[in-house]
Amino acid sequence: MSAEYESLCNAIVMARRNGQTCVVERVALPADVAQAYAMQAELVAQWGEPVVGWKVGRFLGEEEQRFGVNRFVGPIFAGTVEDVTPAVEAIFPAIEGGTSAFEAEVIAVLAQDLPVGKTDWTAETIGVAISDWHIGIEVAGCPVPGLGTMGALPSVAVFGNNLALLVGPAVSEDQVDAISCETHIDGALAGSARAASLPGGPKTAVAFALNQLSAMGVALKAGTFLSTGAITGVHAVDIGQSCTADFGPHGRLTCKVASVGGTAGQG
């Protein structure tokens, strides 16, 4: 990692800690997948908090063809995971002026420690590694304005573009692919889809995460959260907006986007 990248990472970390923006030009960010993960690792090291989960994001279109991969992983830190219930409006944290997006997701929880070395997980074999499945919301966000418009690599690099995770009620494993969701922002329908619309479904996303993290040398612990990807899309949101992920019979999760000030992503 060059001194320039270390300095950039320090600026991003300080901005996130203080709930402030950090303007970064696209040219200053990594140009390939390996560099993006290296910058992510540097940010994780500088942040210094335990990683308790991983989000799965997407490479789309031309980027998928160019990089030969359709997904990526990003860290979810201790102190940023909240249990939510359909009966109570939750807080959706955001950094004012930064990047913020609402993503309705299915979340898996690891049943056991997984040492590094196994990289042949499939959708059919992950069952032994998972204890629970939940509906939930990924709080995508970071202090860098416009990150979501720069392509997937900057998202990989900058904390995976994750700020928090809202974990809703449990669902059974055999229901996962059949789950459907409608997302509403300020009462307007923003997207509607089934979890199975993700490439290979949520279980394939989990298999990817387990294989990718093992290849990266990450030993996973029981209880680790794996958020499997945006079902209805990545929905940009602003402070003050009301957001709903309606999973039908599984629950309706609501939240209000609010500024986190100087507590962004901290316990």
# chains A, B, ... in the order shown; residues from 1 in each chain; ligands from 1
call {"tool": "select_by_dssp", "arguments": {"residues": "stretch 22-120 of chain A", "states": "alpha helix (DSSP H)", "output": "list in words"}}
result
Val33, Ala34, Gln35, Ala36, Tyr37, Ala38, Met39, Gln40, Ala41, Glu42, Leu43, Val44, Ala45, Gln46, Trp47, Gly61, Glu62, Glu63, Glu64, Gln65, Arg66 and Phe67 of chain A
call {"tool": "write_last_selection", "arguments": {"atoms": "N, CA and C atoms", "output": "JSON list (two decimals), in the first residue's frame"}}
result
[["chain", "number", "residue", "atom", "x", "y", "z"],
["A", 33, "VAL", "N", -9.42, -5.00, -9.11],
["A", 33, "VAL", "CA", -10.04, -5.65, -7.95],
["A", 33, "VAL", "C", -9.04, -5.86, -6.82],
["A", 34, "ALA", "N", -7.83, -6.30, -7.15],
["A", 34, "ALA", "CA", -6.83, -6.55, -6.12],
["A", 34, "ALA", "C", -6.50, -5.28, -5.35],
["A", 35, "GLN", "N", -6.33, -4.16, -6.07],
["A", 35, "GLN", "CA", -6.05, -2.89, -5.42],
["A", 35, "GLN", "C", -7.21, -2.46, -4.54],
["A", 36, "ALA", "N", -8.43, -2.70, -5.02],
["A", 36, "ALA", "CA", -9.62, -2.30, -4.26],
["A", 36, "ALA", "C", -9.70, -3.05, -2.94],
["A", 37, "TYR", "N", -9.45, -4.36, -2.97],
["A", 37, "TYR", "CA", -9.46, -5.13, -1.72],
["A", 37, "TYR", "C", -8.29, -4.75, -0.82],
["A", 38, "ALA", "N", -7.16, -4.38, -1.40],
["A", 38, "ALA", "CA", -6.02, -3.94, -0.59],
["A", 38, "ALA", "C", -6.36, -2.65, 0.15],
["A", 39, "MET", "N", -7.03, -1.73, -0.53],
["A", 39, "MET", "CA", -7.44, -0.49, 0.12],
["A", 39, "MET", "C", -8.49, -0.78, 1.18],
["A", 40, "GLN", "N", -9.43, -1.69, 0.89],
["A", 40, "GLN", "CA", -10.43, -2.07, 1.89],
["A", 40, "GLN", "C", -9.75, -2.61, 3.15],
["A", 41, "ALA", "N", -8.74, -3.47, 2.96],
["A", 41, "ALA", "CA", -8.03, -4.05, 4.10],
["A", 41, "ALA", "C", -7.32, -2.97, 4.92],
["A", 42, "GLU", "N", -6.75, -1.98, 4.24],
["A", 42, "GLU", "CA", -6.10, -0.87, 4.94],
["A", 42, "GLU", "C", -7.11, -0.07, 5.75],
["A", 43, "LEU", "N", -8.28, 0.17, 5.17],
["A", 43, "LEU", "CA", -9.32, 0.90, 5.90],
["A", 43, "LEU", "C", -9.80, 0.12, 7.11],
["A", 44, "VAL", "N", -9.97, -1.19, 6.95],
["A", 44, "VAL", "CA", -10.37, -2.04, 8.08],
["A", 44, "VAL", "C", -9.33, -1.95, 9.19],
["A", 45, "ALA", "N", -8.06, -2.01, 8.83],
["A", 45, "ALA", "CA", -6.99, -1.94, 9.82],
["A", 45, "ALA", "C", -6.98, -0.59, 10.53],
["A", 46, "GLN", "N", -7.16, 0.48, 9.77],
["A", 46, "GLN", "CA", -7.16, 1.81, 10.38],
["A", 46, "GLN", "C", -8.40, 2.03, 11.24],
["A", 47, "TRP", "N", -9.53, 1.45, 10.84],
["A", 47, "TRP", "CA", -10.77, 1.63, 11.62],
["A", 47, "TRP", "C", -10.63, 0.97, 12.99],
["A", 61, "GLY", "N", -22.93, -5.48, -15.54],
["A", 61, "GLY", "CA", -22.69, -5.09, -16.93],
["A", 61, "GLY", "C", -21.24, -5.21, -17.36],
["A", 62, "GLU", "N", -20.72, -4.10, -17.89],
["A", 62, "GLU", "CA", -19.37, -4.09, -18.44],
["A", 62, "GLU", "C", -18.32, -4.43, -17.39],
["A", 63, "GLU", "N", -18.55, -4.00, -16.15],
["A", 63, "GLU", "CA", -17.57, -4.29, -15.09],
["A", 63, "GLU", "C", -17.50, -5.79, -14.81],
["A", 64, "GLU", "N", -18.65, -6.45, -14.83],
["A", 64, "GLU", "CA", -18.65, -7.90, -14.62],
["A", 64, "GLU", "C", -17.84, -8.59, -15.71],
["A", 65, "GLN", "N", -18.00, -8.14, -16.95],
["A", 65, "GLN", "CA", -17.25, -8.72, -18.05],
["A", 65, "GLN", "C", -15.75, -8.42, -17.92],
["A", 66, "ARG", "N", -15.43, -7.20, -17.55],
["A", 66, "ARG", "CA", -14.03, -6.79, -17.49],
["A", 66, "ARG", "C", -13.27, -7.48, -16.36],
["A", 67, "PHE", "N", -13.90, -7.61, -15.21],
["A", 67, "PHE", "CA", -13.20, -8.16, -14.05],
["A", 67, "PHE", "C", -13.45, -9.64, -13.84]]
call {"tool": "closest_atom_pairs", "arguments": {"of": "stretch 53-116 of chain A", "to": "stretch 187-204 of chain A", "cutoff": "10 Å", "atoms": "only C-alpha atoms", "output": "CSV"}}
result
residue,atom,partner,partner_atom,distance
A:Val56,CA,A:Pro202,CA,9.7
A:Arg58,CA,A:Leu198,CA,9.6
A:Asn70,CA,A:Pro199,CA,8.7
A:Arg71,CA,A:Pro199,CA,9.5
A:Ala104,CA,A:Ala195,CA,9.5
A:Glu105,CA,A:Ala195,CA,7.9
A:Val106,CA,A:Pro202,CA,6.9
A:Ile107,CA,A:Pro202,CA,8.3
A:Ala108,CA,A:Pro202,CA,8.7
call {"tool": "closest_residue", "arguments": {"among": "A:Leu163, A:Ala101, A:Val139, A:Cys255", "to": "A:Val234", "atoms": "only C-alpha atoms"}}
result
A:Ala101
call {"tool": "atom_distance", "arguments": {"atom1": "atom CA of A:Val81", "atom2": "atom CA of A:Val167"}}
result
7.2 Å
call {"tool": "closest_residue", "arguments": {"among": "A:Val171, A:Ala31, A:Ala236, A:Val218", "to": "A:Pro75", "atoms": "only C-alpha atoms"}}
result
A:Val218
call {"tool": "select_by_dssp", "arguments": {"residues": "stretch 26-251 of chain A", "states": "strand (DSSP E or B)", "output": "number ranges by chain"}}
result
A: 51-58, 71-77, 81-83, 90-94, 99-110, 114, 130-142, 162-171, 180-185, 188-194, 220, 225-227, 235-236, 242-246
call {"tool": "closest_atom_pairs", "arguments": {"of": "stretch 3-118 of chain A", "to": "stretch 249-252 of chain A", "cutoff": "9 Å", "atoms": "only C-alpha atoms", "output": "tab-separated table"}}
result
residue	atom	partner	partner_atom	distance
A:Thr85	CA	A:Gly251	CA	8.1
A:Pro86	CA	A:Arg252	CA	5.2
A:Ala87	CA	A:Arg252	CA	8.4
call {"tool": "residues_around", "arguments": {"residues": "A:Ala78", "least_positions_apart": "2", "cutoff": "6 Å", "atoms": "only C-alpha atoms", "output": "list in words"}}
result
Pro50, Val51, Val52 and Thr80 of chain A
call {"tool": "write_last_selection", "arguments": {"atoms": "C-alpha atoms", "output": "PDB file, in the first residue's frame"}}
result
ATOM      1  CA  PRO A  50     -13.979  -5.992  15.023  1.00  0.00           C
ATOM      2  CA  VAL A  51     -15.657  -7.115  11.811  1.00  0.00           C
ATOM      3  CA  VAL A  52     -18.879  -8.967  12.713  1.00  0.00           C
ATOM      4  CA  THR A  80     -23.237  -1.053  13.482  1.00  0.00           C
TER       5      THR A  80
END
call {"tool": "residues_around", "arguments": {"residues": "stretch 207-217 of chain A", "least_positions_apart": "3", "cutoff": "6 Å", "atoms": "only C-alpha atoms", "output": "PyMOL selection string"}}
result
chain A and resi 116-117+119+121-123+204
call {"tool": "write_last_selection", "arguments": {"atoms": "C-alpha atoms", "output": "compact mmCIF listing (two decimals), in the first residue's frame"}}
result
# COMPACT_ATOMS: atom_id res chain seq x y z
CA VAL A 116 -9.36 -20.41 6.08
CA GLY A 117 -8.76 -22.95 3.34
CA THR A 119 -12.99 -22.35 -1.30
CA TRP A 121 -18.68 -23.76 -1.18
CA THR A 122 -21.82 -23.91 -3.32
CA ALA A 123 -25.45 -22.96 -2.84
CA THR A 204 -25.20 -18.49 -4.09
call {"tool": "closest_residue", "arguments": {"among": "A:Gly97, A:Val156, A:Pro169, A:Gln20", "to": "A:Asp32", "atoms": "only C-alpha atoms"}}
result
A:Val156
call {"tool": "residues_around", "arguments": {"residues": "A:Phe225", "least_positions_apart": "3", "cutoff": "9 Å", "atoms": "only C-alpha atoms", "output": "MDAnalysis selection string"}}
result
chainID A and resid 52:55 76 107:110 222
call {"tool": "write_last_selection", "arguments": {"atoms": "N, CA and C atoms", "output": "mmCIF file, in the first residue's frame"}}
result
data_model
loop_
_atom_site.group_PDB
_atom_site.id
_atom_site.type_symbol
_atom_site.label_atom_id
_atom_site.label_comp_id
_atom_site.auth_asym_id
_atom_site.auth_seq_id
_atom_site.Cartn_x
_atom_site.Cartn_y
_atom_site.Cartn_z
ATOM 1 N N VAL A 52 -17.900 -7.969 12.257
ATOM 2 C CA VAL A 52 -18.879 -8.967 12.713
ATOM 3 C C VAL A 52 -19.760 -9.469 11.575
ATOM 4 N N GLY A 53 -19.532 -8.951 10.387
ATOM 5 C CA GLY A 53 -20.323 -9.390 9.243
ATOM 6 C C GLY A 53 -19.716 -8.903 7.942
ATOM 7 N N TRP A 54 -20.303 -9.390 6.849
ATOM 8 C CA TRP A 54 -19.859 -8.997 5.513
ATOM 9 C C TRP A 54 -21.068 -8.807 4.620
ATOM 10 N N LYS A 55 -21.046 -7.720 3.852
ATOM 11 C CA LYS A 55 -22.088 -7.514 2.846
ATOM 12 C C LYS A 55 -21.597 -8.050 1.513
ATOM 13 N N ILE A 76 -18.703 -5.339 7.747
ATOM 14 C CA ILE A 76 -19.720 -4.771 8.628
ATOM 15 C C ILE A 76 -19.136 -4.820 10.035
ATOM 16 N N ILE A 107 -30.470 -11.976 5.063
ATOM 17 C CA ILE A 107 -29.233 -12.051 5.838
ATOM 18 C C ILE A 107 -29.059 -13.455 6.403
ATOM 19 N N ALA A 108 -27.879 -14.025 6.219
ATOM 20 C CA ALA A 108 -27.542 -15.330 6.792
ATOM 21 C C ALA A 108 -26.635 -15.133 8.002
ATOM 22 N N VAL A 109 -26.700 -16.085 8.941
ATOM 23 C CA VAL A 109 -25.858 -16.048 10.140
ATOM 24 C C VAL A 109 -25.079 -17.360 10.226
ATOM 25 N N LEU A 110 -23.769 -17.257 10.406
ATOM 26 C CA LEU A 110 -22.936 -18.459 10.453
ATOM 27 C C LEU A 110 -23.185 -19.269 11.718
ATOM 28 N N ALA A 222 -18.409 -18.069 14.240
ATOM 29 C CA ALA A 222 -19.839 -18.329 14.415
ATOM 30 C C ALA A 222 -20.533 -17.028 14.802
#
call {"tool": "closest_residue", "arguments": {"among": "A:Cys142, A:Leu253, A:Ala3, A:Val176", "to": "A:Asn18", "atoms": "only C-alpha atoms"}}
result
A:Cys142
call {"tool": "residues_around", "arguments": {"residues": "stretch 240-248 of chain A", "least_positions_apart": "5", "cutoff": "9 Å", "atoms": "only C-alpha atoms", "output": "list in words"}}
result
Phe92, Phe102, Glu103, Ala104, Glu105, Ile135, Gly136, Ile137, Ile179, Ser180, Cys181, Glu182, Thr183, His184, Ile185, Asp186, Gly187, Leu253, Thr254, Cys255, Lys256, Val257, Ala258 and Ser259 of chain A
call {"tool": "write_last_selection", "arguments": {"atoms": "N, CA and C atoms", "output": "PDB file, in the first residue's frame"}}
result
ATOM      1  N   PHE A  92     -32.184   4.820  10.244  1.00  0.00           N
ATOM      2  CA  PHE A  92     -31.302   4.470   9.129  1.00  0.00           C
ATOM      3  C   PHE A  92     -30.195   5.518   9.115  1.00  0.00           C
ATOM      4  N   PHE A 102     -30.508   2.668   0.463  1.00  0.00           N
ATOM      5  CA  PHE A 102     -31.343   1.694   1.172  1.00  0.00           C
ATOM      6  C   PHE A 102     -31.393   0.410   0.356  1.00  0.00           C
ATOM      7  N   GLU A 103     -31.102  -0.727   1.007  1.00  0.00           N
ATOM      8  CA  GLU A 103     -31.109  -2.011   0.305  1.00  0.00           C
ATOM      9  C   GLU A 103     -31.835  -3.058   1.143  1.00  0.00           C
ATOM     10  N   ALA A 104     -32.939  -3.570   0.627  1.00  0.00           N
ATOM     11  CA  ALA A 104     -33.670  -4.658   1.282  1.00  0.00           C
ATOM     12  C   ALA A 104     -32.959  -5.973   0.975  1.00  0.00           C
ATOM     13  N   GLU A 105     -32.645  -6.745   2.010  1.00  0.00           N
ATOM     14  CA  GLU A 105     -31.805  -7.928   1.806  1.00  0.00           C
ATOM     15  C   GLU A 105     -32.260  -9.116   2.655  1.00  0.00           C
ATOM     16  N   ILE A 135     -34.789 -11.523   7.330  1.00  0.00           N
ATOM     17  CA  ILE A 135     -34.980 -10.380   6.455  1.00  0.00           C
ATOM     18  C   ILE A 135     -34.272  -9.197   7.098  1.00  0.00           C
ATOM     19  N   GLY A 136     -33.915  -8.210   6.287  1.00  0.00           N
ATOM     20  CA  GLY A 136     -33.237  -7.066   6.870  1.00  0.00           C
ATOM     21  C   GLY A 136     -32.956  -5.977   5.859  1.00  0.00           C
ATOM     22  N   ILE A 137     -32.191  -5.001   6.296  1.00  0.00           N
ATOM     23  CA  ILE A 137     -31.866  -3.835   5.474  1.00  0.00           C
ATOM     24  C   ILE A 137     -30.376  -3.549   5.597  1.00  0.00           C
ATOM     25  N   ILE A 179     -38.843 -15.543  -0.983  1.00  0.00           N
ATOM     26  CA  ILE A 179     -39.149 -14.256  -0.356  1.00  0.00           C
ATOM     27  C   ILE A 179     -39.277 -13.177  -1.426  1.00  0.00           C
ATOM     28  N   SER A 180     -40.321 -12.377  -1.307  1.00  0.00           N
ATOM     29  CA  SER A 180     -40.492 -11.226  -2.194  1.00  0.00           C
ATOM     30  C   SER A 180     -40.504  -9.959  -1.353  1.00  0.00           C
ATOM     31  N   CYS A 181     -40.177  -8.842  -1.980  1.00  0.00           N
ATOM     32  CA  CYS A 181     -40.091  -7.586  -1.238  1.00  0.00           C
ATOM     33  C   CYS A 181     -40.493  -6.413  -2.124  1.00  0.00           C
ATOM     34  N   GLU A 182     -41.162  -5.458  -1.508  1.00  0.00           N
ATOM     35  CA  GLU A 182     -41.422  -4.159  -2.125  1.00  0.00           C
ATOM     36  C   GLU A 182     -40.739  -3.092  -1.283  1.00  0.00           C
ATOM     37  N   THR A 183     -40.014  -2.202  -1.944  1.00  0.00           N
ATOM     38  CA  THR A 183     -39.379  -1.080  -1.257  1.00  0.00           C
ATOM     39  C   THR A 183     -40.122   0.201  -1.594  1.00  0.00           C
ATOM     40  N   HIS A 184     -40.466   0.956  -0.556  1.00  0.00           N
ATOM     41  CA  HIS A 184     -41.108   2.258  -0.724  1.00  0.00           C
ATOM     42  C   HIS A 184     -40.233   3.329  -0.078  1.00  0.00           C
ATOM     43  N   ILE A 185     -40.040   4.441  -0.791  1.00  0.00           N
ATOM     44  CA  ILE A 185     -39.320   5.592  -0.265  1.00  0.00           C
ATOM     45  C   ILE A 185     -40.301   6.760  -0.216  1.00  0.00           C
ATOM     46  N   ASP A 186     -40.530   7.285   0.980  1.00  0.00           N
ATOM     47  CA  ASP A 186     -41.531   8.337   1.181  1.00  0.00           C
ATOM     48  C   ASP A 186     -42.878   7.948   0.577  1.00  0.00           C
ATOM     49  N   GLY A 187     -43.238   6.682   0.724  1.00  0.00           N
ATOM     50  CA  GLY A 187     -44.535   6.195   0.283  1.00  0.00           C
ATOM     51  C   GLY A 187     -44.615   5.795  -1.174  1.00  0.00           C
ATOM     52  N   LEU A 253     -40.527  -3.776   7.410  1.00  0.00           N
ATOM     53  CA  LEU A 253     -39.539  -3.018   8.167  1.00  0.00           C
ATOM     54  C   LEU A 253     -39.535  -1.567   7.707  1.00  0.00           C
ATOM     55  N   THR A 254     -39.640  -0.648   8.652  1.00  0.00           N
ATOM     56  CA  THR A 254     -39.669   0.775   8.327  1.00  0.00           C
ATOM     57  C   THR A 254     -38.530   1.491   9.044  1.00  0.00           C
ATOM     58  N   CYS A 255     -38.031   2.540   8.429  1.00  0.00           N
ATOM     59  CA  CYS A 255     -36.971   3.314   9.068  1.00  0.00           C
ATOM     60  C   CYS A 255     -36.984   4.745   8.555  1.00  0.00           C
ATOM     61  N   LYS A 256     -36.357   5.613   9.310  1.00  0.00           N
ATOM     62  CA  LYS A 256     -36.214   7.020   8.968  1.00  0.00           C
ATOM     63  C   LYS A 256     -34.725   7.319   8.819  1.00  0.00           C
ATOM     64  N   VAL A 257     -34.376   7.970   7.701  1.00  0.00           N
ATOM     65  CA  VAL A 257     -32.975   8.310   7.456  1.00  0.00           C
ATOM     66  C   VAL A 257     -32.595   9.499   8.337  1.00  0.00           C
ATOM     67  N   ALA A 258     -31.536   9.326   9.131  1.00  0.00           N
ATOM     68  CA  ALA A 258     -31.134  10.363  10.077  1.00  0.00           C
ATOM     69  C   ALA A 258     -29.624  10.532  10.075  1.00  0.00           C
ATOM     70  N   SER A 259     -29.169  11.766  10.264  1.00  0.00           N
ATOM     71  CA  SER A 259     -27.742  12.053  10.318  1.00  0.00           C
ATOM     72  C   SER A 259     -27.121  11.420  11.554  1.00  0.00           C
TER      73      SER A 259
END
call {"tool": "atom_distance", "arguments": {"atom1": "atom CA of A:His235", "atom2": "atom CA of A:Val73"}}
result
18.8 Å
call {"tool": "closest_residue", "arguments": {"among": "A:Glu49, A:Asp113, A:Asp132, A:Asp174", "to": "A:Leu220", "atoms": "only C-alpha atoms"}}
result
A:Asp113
call {"tool": "atom_distance", "arguments": {"atom1": "atom CA of A:Thr232", "atom2": "atom CA of A:Pro143"}}
result
23.7 Å
call {"tool": "closest_residue", "arguments": {"among": "A:His134, A:Lys221, A:Lys118, A:Arg16", "to": "A:Ala94", "atoms": "only C-alpha atoms"}}
result
A:Arg16
